[in-house]
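Before any comments, here is the structure.
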Amino acid sequence: MAIVCEKDQLQEQHLLKIKEICNTFNKDHSELINILHGCQGYFGYLPAEVQEAIALEIDMPVSKVFGVVTFYSFFTMKPKGEFPISVCTGTACYVRGADKLVDEFQRELGIDVGQTTEDGKFSISTLRCVGACGLAPVVMVGDKTYGHVSPKMVKKILKEYKTK
Amino acid sequence: MSKINITIDNRKIEVEAGSTILEAAKNIGVEIPTLCHMNLHDLNVENKPAGCRVCVVEVEGRKNLAPSCATKVNEGMVIRTNNMRVINSRRTVMEFILSDHPKDCLVCAKNGVCDLQNMAAQLGVREIPNQEIYSMSEYRLDTSPSIIRNMDKCIMCRKCETMCNEVQTVGALYATGRGFDAVVSTPFHMDLVDTNCTYCGQCVAVCPTAALTEVDHTRAVIRAINDKSKTVVVQTAPAVRAALGEEFGLEAGHLVTGQMVAGLRQLGFDHIFDTDFAADVTIMEEGTELLDRLGKHLAGDKDVKLPILTSCCPGWVNFFETQFPDMLDIPSTARSPQQIFGSIAKTYFAEQLKIKREDMIVVSVMPCVAKKYEAQRDEFKTDGNPDVDISITTRELAQLMKQANLDIKTLPEEEFDQPMGESTGAGVIFGTTGGVIEAATRTAYELYTKKTLENVEFKQLRGMEGIRSATVDFDGFDLKIGIAHGLGNARQLLNDIRDGKSDFHAIEVMACPGGCIGGGGQPYHHGDSSILKKRAAALYTEDERKVKRKSHTNPAVIKVYEDFLGAPMSHKAHQLLHTNYFDKQQEGPEIVKGDDCTSCN
């Protein structure tokens, strides 16, 4: 869930939260990844403003914070959708056509992997193995898991959420 | 250190424990090729991300090849640096790097001085296979007043990152992204002008490719020279003469002052002057300012700001404006020699020529890329007309001379023109770390003690240590001097001042390691920091050769004060030779009060 408001402006309570997270890790530079995890857990994503605030708080160049955020695919600078779609592209799912599912979701929603629809409802990401290989290919929408998904089912899955 | 025994290419050798394979091989004359590795011994800086993998070697008993720059030797280690497996791997690695690198070598700014190009040649790369299956990454061109970033040419050696973060502690550049998209970049891929970059140019100085280059003004210089309606005046900074020869194959430290003057005359400049003249004027202003603050301090004035910090270096000025905006009243207000020269040229000298300032073009040749930014600062313009119109680097001057088929090796030695070509030894040593404060000390000593200084050489101020301190006896008064080169070292001294722990009276700061001789606009040293020492020695030699070695004895300087400026720190001198500093701190994130945020409420 995206807590930071639309213009990505930070409010005072957001800043306090960032400080609190940084303090949990003693502002230790080697804990940057954990600090980023903490902040992404709270804000849902890591916009420039949050990264700047972290950099200021732990006295580290913001270029370095940004470098780490862009290196790890887990971190995102864009808010995820209300219903984040994760397509498993682990080996089992991949050989059973996960790539076609990715294509289909992208086509249906008109966005690429890593992006969020304009209405903020959906975002697409890929992940590696959710431990349900018997159900391959697997798609998760939020916490709900769908197994044996075929490209034809994509439209139906999306319909479930479009009306929500 | 204990010794251990290893075998490299069938040669049994004894090496110090703790050395890397790369260092051990070097001891027996085996130069393992490297691309991302850089060791500037004299500056205690080493870059070894072990990222390029060009330096791989085979170690017996180890499954994969080892990066020699980052692998330490063990007792009994058997290493092969040149078998088939190693040679093929190196070439494959190189082919991969080249597969994502533009192929415009013929028209590239680094054509002929590119480490990547040289390495491809050395490793015998003759084709780049599989190009069609890799898509080239694309990155926008980012142009600033001093530096151009063309990250399509970045090979992620991260040398610039090391210079920007570890040496300079500026933190404008850091590795971003991964895989094909990985480049060293600014925060959020901002334009360089929007970051806290100081334009020191140390990133440019170490970049192996044309990912980071200076903004090229050579065409503008040619246009200016050929404009018959303009009088074109050129000034050359002290550090240029100690390095220009390298561009023409001469050894580092070979002074080419006279040949450089001849070359500039051949290029068609109307007046060939010396920034050293302006350096002497700088000393008159800065030295007087030092004595003024010192006098007030000794008289018990608690508000006077000491230590005084030098202000000749534009990278350094940018640094304290962005990083220490609470301390803007500590540096001397004297402009840099480049700007003092421009200011005097477009007033005093233009009056002598009876021309308008708009009809004069001042070109400066500098060892520096930050000077390009400095020249276009608004404070140094009159009605929009800059005091210095075009600032080029040592490298650009060499390029201009080569275009005009001028070879520094065959040019005769000629003299600078008068009056602004007259300089002292004090002005010359501005180009190396410790030189400005030594020059200031020579003058301040005589003005303070009213005695003649017999031995002008203050050896205690010289050297390559990053932070140095010395005490100079001013006839019973101990003047405490600090020197820092490299912005990381400057930061330490500034933090001490901020914490009230500094007992210096005066501190010289130069942004670049070694001072201007190691500037971002100098011929590329390709990681050989011994070159800097040779250039410094050359400047001290030129100082020794000068008859006059104290700035206040420069007859042309005396005359400009008599005829035009009045006295140092006079009203006119303040107007023309001093400046103001501005708070340029990067703003943190914008914080809104809960009820101000429209989208939340």
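By convention in this document, the chains of the structure tokens carry letters A, B, ... by their order, each chain's residues are numbered from 1, and ligands are numbered from 1 in the order they are shown.
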Neighbours of chain B in chain A at 6 Å, counting only C-alpha atoms, as a ChimeraX atom specification
/A:10-11,49,52,61,63-64,66-67,70-71
Can you list, as a ChimeraX atom specification, every protein, DNA or RNA residue that comes within 10 Å of B:Gly431 when you count only C-alpha atoms, leaving out same-chain residues fewer than 6 positions away?
/B:237-242,276,279,367,510,514-519,535-536,539-540
For N, CA, C and O atoms, I'd like the residues from the last selection saved as an mmCIF file, in the first residue's frame.
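Contents of result_16.cif, as written:
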data_model
loop_
_atom_site.group_PDB
_atom_site.id
_atom_site.type_symbol
_atom_site.label_atom_id
_atom_site.label_comp_id
_atom_site.auth_asym_id
_atom_site.auth_seq_id
_atom_site.Cartn_x
_atom_site.Cartn_y
_atom_site.Cartn_z
ATOM 1 N N ALA B 237 47.730 28.885 -16.966
ATOM 2 C CA ALA B 237 47.920 28.580 -15.542
ATOM 3 C C ALA B 237 49.278 27.918 -15.319
ATOM 4 O O ALA B 237 49.820 27.295 -16.233
ATOM 5 N N PRO B 238 49.828 28.054 -14.096
ATOM 6 C CA PRO B 238 51.171 27.507 -13.841
ATOM 7 C C PRO B 238 51.304 26.012 -14.130
ATOM 8 O O PRO B 238 52.314 25.581 -14.685
ATOM 9 N N ALA B 239 50.287 25.221 -13.775
ATOM 10 C CA ALA B 239 50.439 23.766 -13.886
ATOM 11 C C ALA B 239 50.484 23.286 -15.339
ATOM 12 O O ALA B 239 50.925 22.171 -15.608
ATOM 13 N N VAL B 240 50.029 24.131 -16.260
ATOM 14 C CA VAL B 240 49.956 23.709 -17.667
ATOM 15 C C VAL B 240 51.358 23.447 -18.228
ATOM 16 O O VAL B 240 51.604 22.427 -18.884
ATOM 17 N N ARG B 241 52.288 24.362 -17.936
ATOM 18 C CA ARG B 241 53.652 24.261 -18.503
ATOM 19 C C ARG B 241 54.402 23.025 -18.030
ATOM 20 O O ARG B 241 55.352 22.602 -18.666
ATOM 21 N N ALA B 242 53.965 22.475 -16.887
ATOM 22 C CA ALA B 242 54.660 21.302 -16.339
ATOM 23 C C ALA B 242 54.098 19.993 -16.873
ATOM 24 O O ALA B 242 54.590 18.924 -16.534
ATOM 25 N N ASP B 276 50.167 33.357 -13.884
ATOM 26 C CA ASP B 276 51.078 33.577 -12.753
ATOM 27 C C ASP B 276 51.091 35.044 -12.314
ATOM 28 O O ASP B 276 51.269 35.356 -11.139
ATOM 29 N N ALA B 279 48.278 35.329 -10.225
ATOM 30 C CA ALA B 279 48.550 34.629 -8.968
ATOM 31 C C ALA B 279 49.291 35.557 -8.015
ATOM 32 O O ALA B 279 49.011 35.595 -6.815
ATOM 33 N N PRO B 367 44.550 23.663 -16.002
ATOM 34 C CA PRO B 367 44.699 22.214 -15.794
ATOM 35 C C PRO B 367 43.416 21.602 -15.259
ATOM 36 O O PRO B 367 43.424 20.513 -14.699
ATOM 37 N N MET B 510 43.346 22.583 -1.978
ATOM 38 C CA MET B 510 43.215 22.327 -3.406
ATOM 39 C C MET B 510 42.337 21.093 -3.571
ATOM 40 O O MET B 510 42.532 20.102 -2.872
ATOM 41 N N GLY B 514 47.384 16.463 -5.249
ATOM 42 C CA GLY B 514 48.585 17.028 -5.852
ATOM 43 C C GLY B 514 48.455 18.500 -6.165
ATOM 44 O O GLY B 514 49.426 19.163 -6.504
ATOM 45 N N GLY B 515 47.236 19.038 -6.054
ATOM 46 C CA GLY B 515 46.995 20.423 -6.466
ATOM 47 C C GLY B 515 46.704 20.467 -7.953
ATOM 48 O O GLY B 515 46.341 19.454 -8.564
ATOM 49 N N CYS B 516 46.878 21.649 -8.562
ATOM 50 C CA CYS B 516 46.503 21.826 -9.975
ATOM 51 C C CYS B 516 47.276 20.904 -10.921
ATOM 52 O O CYS B 516 46.771 20.535 -11.974
ATOM 53 N N ILE B 517 48.491 20.535 -10.541
ATOM 54 C CA ILE B 517 49.264 19.629 -11.404
ATOM 55 C C ILE B 517 48.533 18.307 -11.617
ATOM 56 O O ILE B 517 48.753 17.623 -12.602
ATOM 57 N N GLY B 518 47.665 17.956 -10.669
ATOM 58 C CA GLY B 518 46.873 16.730 -10.802
ATOM 59 C C GLY B 518 45.444 17.033 -11.203
ATOM 60 O O GLY B 518 44.545 16.230 -10.954
ATOM 61 N N GLY B 519 45.226 18.184 -11.801
ATOM 62 C CA GLY B 519 43.875 18.639 -12.144
ATOM 63 C C GLY B 519 43.172 17.744 -13.154
ATOM 64 O O GLY B 519 43.809 16.976 -13.877
ATOM 65 N N ARG B 535 55.682 16.551 -12.042
ATOM 66 C CA ARG B 535 55.157 17.862 -12.433
ATOM 67 C C ARG B 535 55.407 18.888 -11.326
ATOM 68 O O ARG B 535 55.770 20.036 -11.595
ATOM 69 N N ALA B 536 55.206 18.468 -10.072
ATOM 70 C CA ALA B 536 55.425 19.386 -8.942
ATOM 71 C C ALA B 536 56.883 19.833 -8.912
ATOM 72 O O ALA B 536 57.189 21.020 -8.756
ATOM 73 N N LEU B 539 57.664 22.572 -11.319
ATOM 74 C CA LEU B 539 57.246 23.924 -10.924
ATOM 75 C C LEU B 539 58.228 24.528 -9.920
ATOM 76 O O LEU B 539 58.537 25.717 -9.978
ATOM 77 N N TYR B 540 58.726 23.704 -8.992
ATOM 78 C CA TYR B 540 59.716 24.220 -8.036
ATOM 79 C C TYR B 540 61.000 24.616 -8.773
ATOM 80 O O TYR B 540 61.677 25.577 -8.403
#
Filtered DSSP result for stretch 498-559 of chain B, state strand (DSSP E or B), as a PDB file with C-alpha atoms, in the first residue's frame:
ATOM      1  CA  ALA B 506      45.752  29.832   7.497  1.00  0.00           C
ATOM      2  CA  ILE B 507      44.839  26.771   5.478  1.00  0.00           C
ATOM      3  CA  GLU B 508      45.431  26.073   1.808  1.00  0.00           C
ATOM      4  CA  VAL B 509      43.008  23.767   0.090  1.00  0.00           C
ATOM      5  CA  MET B 510      43.215  22.327  -3.406  1.00  0.00           C
TER       6      MET B 510
END
Do you know which residues are at most 12 Å from stretch 140-150 of chain A counting only C-alpha atoms, after dropping those on the same chain fewer than 6 positions away, and could you put them as JSON, numbers by chain?
{"A": [1, 80, 81, 82, 83, 84, 85, 86, 87, 88, 89, 92, 93, 94, 96, 97, 98, 99, 100, 101, 102, 103, 104, 105, 121, 122, 123, 124, 125, 126, 127, 128, 129, 130, 131, 132, 133, 134, 156, 157, 158, 160, 161]}
Run DSSP on the backbone and give me the residues of stretch 484-538 of chain B it puts in alpha helix (DSSP H), as a list in words.
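Those in stretch 484-538 of chain B that DSSP calls alpha helix (DSSP H) are Leu487, Gly488, Asn489, Ala490, Arg491, Gln492, Leu493, Leu494, Asn495, Asp496, Ile497, Arg498, Ser530, Ile531, Leu532, Lys533, Lys534, Arg535, Ala536, Ala537 and Ala538 of chain B.
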Leaving out B:Thr7 and any residue of its chain fewer than 3 positions from it, which residues lie within 12 Å of it when counting only C-alpha atoms, given as number ranges by chain?
B: 4, 10-15, 21, 24-25, 28, 58-60, 73-81
Using only C-alpha atoms, which residues sit within 6 Å of stretch 551-567 of chain B once same-chain residues fewer than 3 positions away are excluded, as a ChimeraX atom specification?
/B:280,419,424,426,570,572-573
Expected file: the selected residues, all heavy atoms, as a tab-separated table (two decimals), in the first residue's frame:
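Final file, again.tsv:
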chain	number	residue	atom	x	y	z
B	280	ASP	N	50.21	36.33	-8.57
B	280	ASP	CA	50.93	37.30	-7.74
B	280	ASP	C	49.95	38.34	-7.16
B	280	ASP	O	50.08	38.74	-6.00
B	280	ASP	CB	52.03	38.00	-8.55
B	280	ASP	CG	53.28	37.12	-8.70
B	280	ASP	OD1	53.50	36.26	-7.82
B	280	ASP	OD2	54.01	37.29	-9.69
B	419	PRO	N	52.04	43.73	-20.23
B	419	PRO	CA	52.54	43.68	-18.85
B	419	PRO	C	52.08	42.44	-18.07
B	419	PRO	O	52.69	42.09	-17.07
B	419	PRO	CB	51.89	44.91	-18.22
B	419	PRO	CG	50.58	45.04	-18.94
B	419	PRO	CD	50.83	44.58	-20.35
B	424	THR	N	56.39	36.12	-10.80
B	424	THR	CA	57.48	35.71	-9.91
B	424	THR	C	57.41	34.21	-9.67
B	424	THR	O	56.43	33.55	-10.03
B	424	THR	CB	57.36	36.41	-8.55
B	424	THR	OG1	56.21	35.86	-7.86
B	424	THR	CG2	57.21	37.91	-8.70
B	426	ALA	N	56.83	32.89	-6.97
B	426	ALA	CA	55.71	32.64	-6.06
B	426	ALA	C	54.45	32.29	-6.85
B	426	ALA	O	53.68	31.41	-6.47
B	426	ALA	CB	55.47	33.84	-5.17
B	570	SER	N	41.69	47.70	-1.40
B	570	SER	CA	41.06	49.01	-1.58
B	570	SER	C	39.65	48.78	-2.12
B	570	SER	O	39.28	47.66	-2.47
B	570	SER	CB	41.85	49.84	-2.59
B	570	SER	OG	41.77	49.21	-3.87
B	572	LYS	N	38.39	49.63	-4.96
B	572	LYS	CA	38.46	49.15	-6.34
B	572	LYS	C	38.92	47.69	-6.41
B	572	LYS	O	38.39	46.89	-7.19
B	572	LYS	CB	39.43	50.03	-7.15
B	572	LYS	CG	39.29	49.86	-8.65
B	572	LYS	CD	39.88	51.04	-9.38
B	572	LYS	CE	39.54	51.01	-10.85
B	572	LYS	NZ	40.04	52.22	-11.53
B	573	ALA	N	39.91	47.39	-5.55
B	573	ALA	CA	40.40	46.00	-5.51
B	573	ALA	C	39.27	45.07	-5.08
B	573	ALA	O	39.10	43.98	-5.63
B	573	ALA	CB	41.58	45.88	-4.57
Report as a ChimeraX atom specification all protein, DNA and RNA residues lying within 9 Å of stretch 470-485 of chain B, evaluated on only C-alpha atoms, omitting residues in the same chain fewer than 3 positions from it.
/B:307,433-434,437,441,444-446,448-449,451,458,460-461,464-467,488-493,503-515
Store the residues picked out above in a file with N, CA, C and O atoms, as a short mmCIF file (atom, residue, chain, number, x, y, z; two decimals), in the first residue's frame.
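Output (again_1.cif):
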data_model
loop_
_atom_site.label_atom_id
_atom_site.label_comp_id
_atom_site.auth_asym_id
_atom_site.auth_seq_id
_atom_site.Cartn_x
_atom_site.Cartn_y
_atom_site.Cartn_z
N PRO B 307 40.93 29.98 11.11
CA PRO B 307 41.89 30.26 10.04
C PRO B 307 41.21 30.85 8.80
O PRO B 307 40.02 30.67 8.60
N THR B 433 50.32 21.49 -4.73
CA THR B 433 49.83 21.57 -3.35
C THR B 433 50.88 22.22 -2.44
O THR B 433 52.06 21.89 -2.51
N GLY B 434 50.44 23.15 -1.63
CA GLY B 434 51.34 23.87 -0.73
C GLY B 434 51.91 25.14 -1.33
O GLY B 434 52.46 25.98 -0.62
N ILE B 437 50.10 28.68 -0.35
CA ILE B 437 50.36 29.14 1.02
C ILE B 437 51.84 29.50 1.18
O ILE B 437 52.19 30.39 1.93
N THR B 441 53.05 33.06 2.28
CA THR B 441 53.96 33.19 3.41
C THR B 441 55.15 34.10 3.08
O THR B 441 55.56 34.93 3.88
N ALA B 444 53.59 37.61 3.11
CA ALA B 444 53.09 37.99 4.43
C ALA B 444 54.23 38.17 5.42
O ALA B 444 54.21 39.08 6.25
N TYR B 445 55.27 37.33 5.29
CA TYR B 445 56.41 37.44 6.20
C TYR B 445 57.03 38.83 6.12
O TYR B 445 57.26 39.50 7.13
N GLU B 446 57.28 39.26 4.88
CA GLU B 446 57.96 40.56 4.73
C GLU B 446 57.05 41.71 5.15
O GLU B 446 57.51 42.68 5.74
N TYR B 448 54.64 41.54 7.36
CA TYR B 448 54.39 41.48 8.81
C TYR B 448 55.62 41.88 9.61
O TYR B 448 55.52 42.69 10.53
N THR B 449 56.78 41.31 9.23
CA THR B 449 57.99 41.54 10.04
C THR B 449 58.75 42.78 9.59
O THR B 449 59.64 43.24 10.30
N LYS B 451 60.89 42.80 7.52
CA LYS B 451 62.27 42.36 7.29
C LYS B 451 62.34 41.65 5.94
O LYS B 451 61.32 41.15 5.45
N PHE B 458 60.15 27.45 1.72
CA PHE B 458 59.60 26.86 2.94
C PHE B 458 59.35 25.37 2.68
O PHE B 458 58.25 24.95 2.33
N GLN B 460 59.07 22.95 4.54
CA GLN B 460 58.13 22.26 5.43
C GLN B 460 56.70 22.29 4.89
O GLN B 460 55.84 21.56 5.35
N LEU B 461 56.46 23.17 3.90
CA LEU B 461 55.11 23.27 3.33
C LEU B 461 54.95 22.37 2.11
O LEU B 461 53.87 22.24 1.55
N MET B 464 53.65 15.55 -0.54
CA MET B 464 52.44 14.97 -1.14
C MET B 464 51.50 14.38 -0.09
O MET B 464 50.49 13.78 -0.43
N GLU B 465 51.85 14.52 1.19
CA GLU B 465 50.93 14.06 2.24
C GLU B 465 49.59 14.77 2.07
O GLU B 465 49.56 15.97 1.82
N GLY B 466 48.52 14.04 2.26
CA GLY B 466 47.20 14.61 2.02
C GLY B 466 46.86 15.78 2.91
O GLY B 466 46.25 16.76 2.49
N ILE B 467 47.25 15.68 4.17
CA ILE B 467 47.07 16.79 5.11
C ILE B 467 48.44 17.08 5.72
O ILE B 467 49.11 16.17 6.20
N GLY B 488 38.41 15.18 0.33
CA GLY B 488 38.21 14.38 1.54
C GLY B 488 39.09 14.88 2.67
O GLY B 488 38.67 14.96 3.83
N ASN B 489 40.32 15.24 2.33
CA ASN B 489 41.24 15.79 3.32
C ASN B 489 40.77 17.16 3.78
O ASN B 489 40.86 17.50 4.96
N ALA B 490 40.28 17.96 2.83
CA ALA B 490 39.77 19.28 3.17
C ALA B 490 38.61 19.15 4.14
O ALA B 490 38.47 19.93 5.09
N ARG B 491 37.77 18.15 3.90
CA ARG B 491 36.61 17.95 4.78
C ARG B 491 37.05 17.75 6.23
O ARG B 491 36.45 18.29 7.16
N GLN B 492 38.13 16.98 6.41
CA GLN B 492 38.62 16.75 7.78
C GLN B 492 39.00 18.07 8.45
O GLN B 492 38.65 18.30 9.61
N LEU B 493 39.73 18.91 7.71
CA LEU B 493 40.15 20.18 8.31
C LEU B 493 38.93 21.07 8.58
O LEU B 493 38.88 21.77 9.60
N ASP B 503 43.61 24.94 15.28
CA ASP B 503 44.39 26.09 15.78
C ASP B 503 45.25 26.71 14.67
O ASP B 503 46.20 27.41 14.93
N PHE B 504 44.87 26.43 13.42
CA PHE B 504 45.61 27.02 12.30
C PHE B 504 45.24 28.49 12.12
O PHE B 504 44.13 28.90 12.45
N HIS B 505 46.19 29.25 11.58
CA HIS B 505 45.88 30.63 11.19
C HIS B 505 45.47 30.70 9.73
O HIS B 505 44.68 31.55 9.33
N ALA B 506 46.06 29.82 8.94
CA ALA B 506 45.75 29.83 7.50
C ALA B 506 45.80 28.41 6.96
O ALA B 506 46.64 27.60 7.38
N ILE B 507 44.88 28.11 6.08
CA ILE B 507 44.84 26.77 5.48
C ILE B 507 44.72 26.89 3.96
O ILE B 507 43.92 27.67 3.45
N GLU B 508 45.55 26.14 3.27
CA GLU B 508 45.43 26.07 1.81
C GLU B 508 44.69 24.80 1.43
O GLU B 508 45.01 23.72 1.94
N VAL B 509 43.71 24.95 0.57
CA VAL B 509 43.01 23.77 0.09
C VAL B 509 43.01 23.74 -1.43
O VAL B 509 42.75 24.74 -2.09
N MET B 510 43.35 22.58 -1.98
CA MET B 510 43.22 22.33 -3.41
C MET B 510 42.34 21.09 -3.57
O MET B 510 42.53 20.10 -2.87
N ALA B 511 41.39 21.16 -4.48
CA ALA B 511 40.43 20.06 -4.63
C ALA B 511 41.11 18.80 -5.15
O ALA B 511 40.75 17.69 -4.77
N CYS B 512 42.06 18.97 -6.05
CA CYS B 512 42.63 17.79 -6.70
C CYS B 512 43.85 17.27 -5.96
O CYS B 512 44.68 18.06 -5.49
N PRO B 513 44.00 15.96 -5.87
CA PRO B 513 45.20 15.41 -5.28
C PRO B 513 46.45 15.91 -6.01
O PRO B 513 46.52 15.81 -7.23
N GLY B 514 47.38 16.46 -5.25
CA GLY B 514 48.58 17.03 -5.85
C GLY B 514 48.45 18.50 -6.16
O GLY B 514 49.43 19.16 -6.50
N GLY B 515 47.24 19.04 -6.05
CA GLY B 515 47.00 20.42 -6.47
C GLY B 515 46.70 20.47 -7.95
O GLY B 515 46.34 19.45 -8.56
#
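Atom CA of B:Gly287 sits 13.4 Å away from atom CA of B:Gly435.
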Tell me, in Å to one decimal, how far atom CA of B:Ile283 is from atom CA of B:Ala440.
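Between atom CA of B:Ile283 and atom CA of B:Ala440 the gap is 5.5 Å.
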I'd like to know which of A:Val69, A:Met153, A:Asp59, A:Gly114 is closest to A:Asn34, using only C-alpha atoms.
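Closest residue, counting only C-alpha atoms: A:Val69.
Interatomic distance, atom CA of B:Glu396 against atom CA of B:His217: 7.6 Å.
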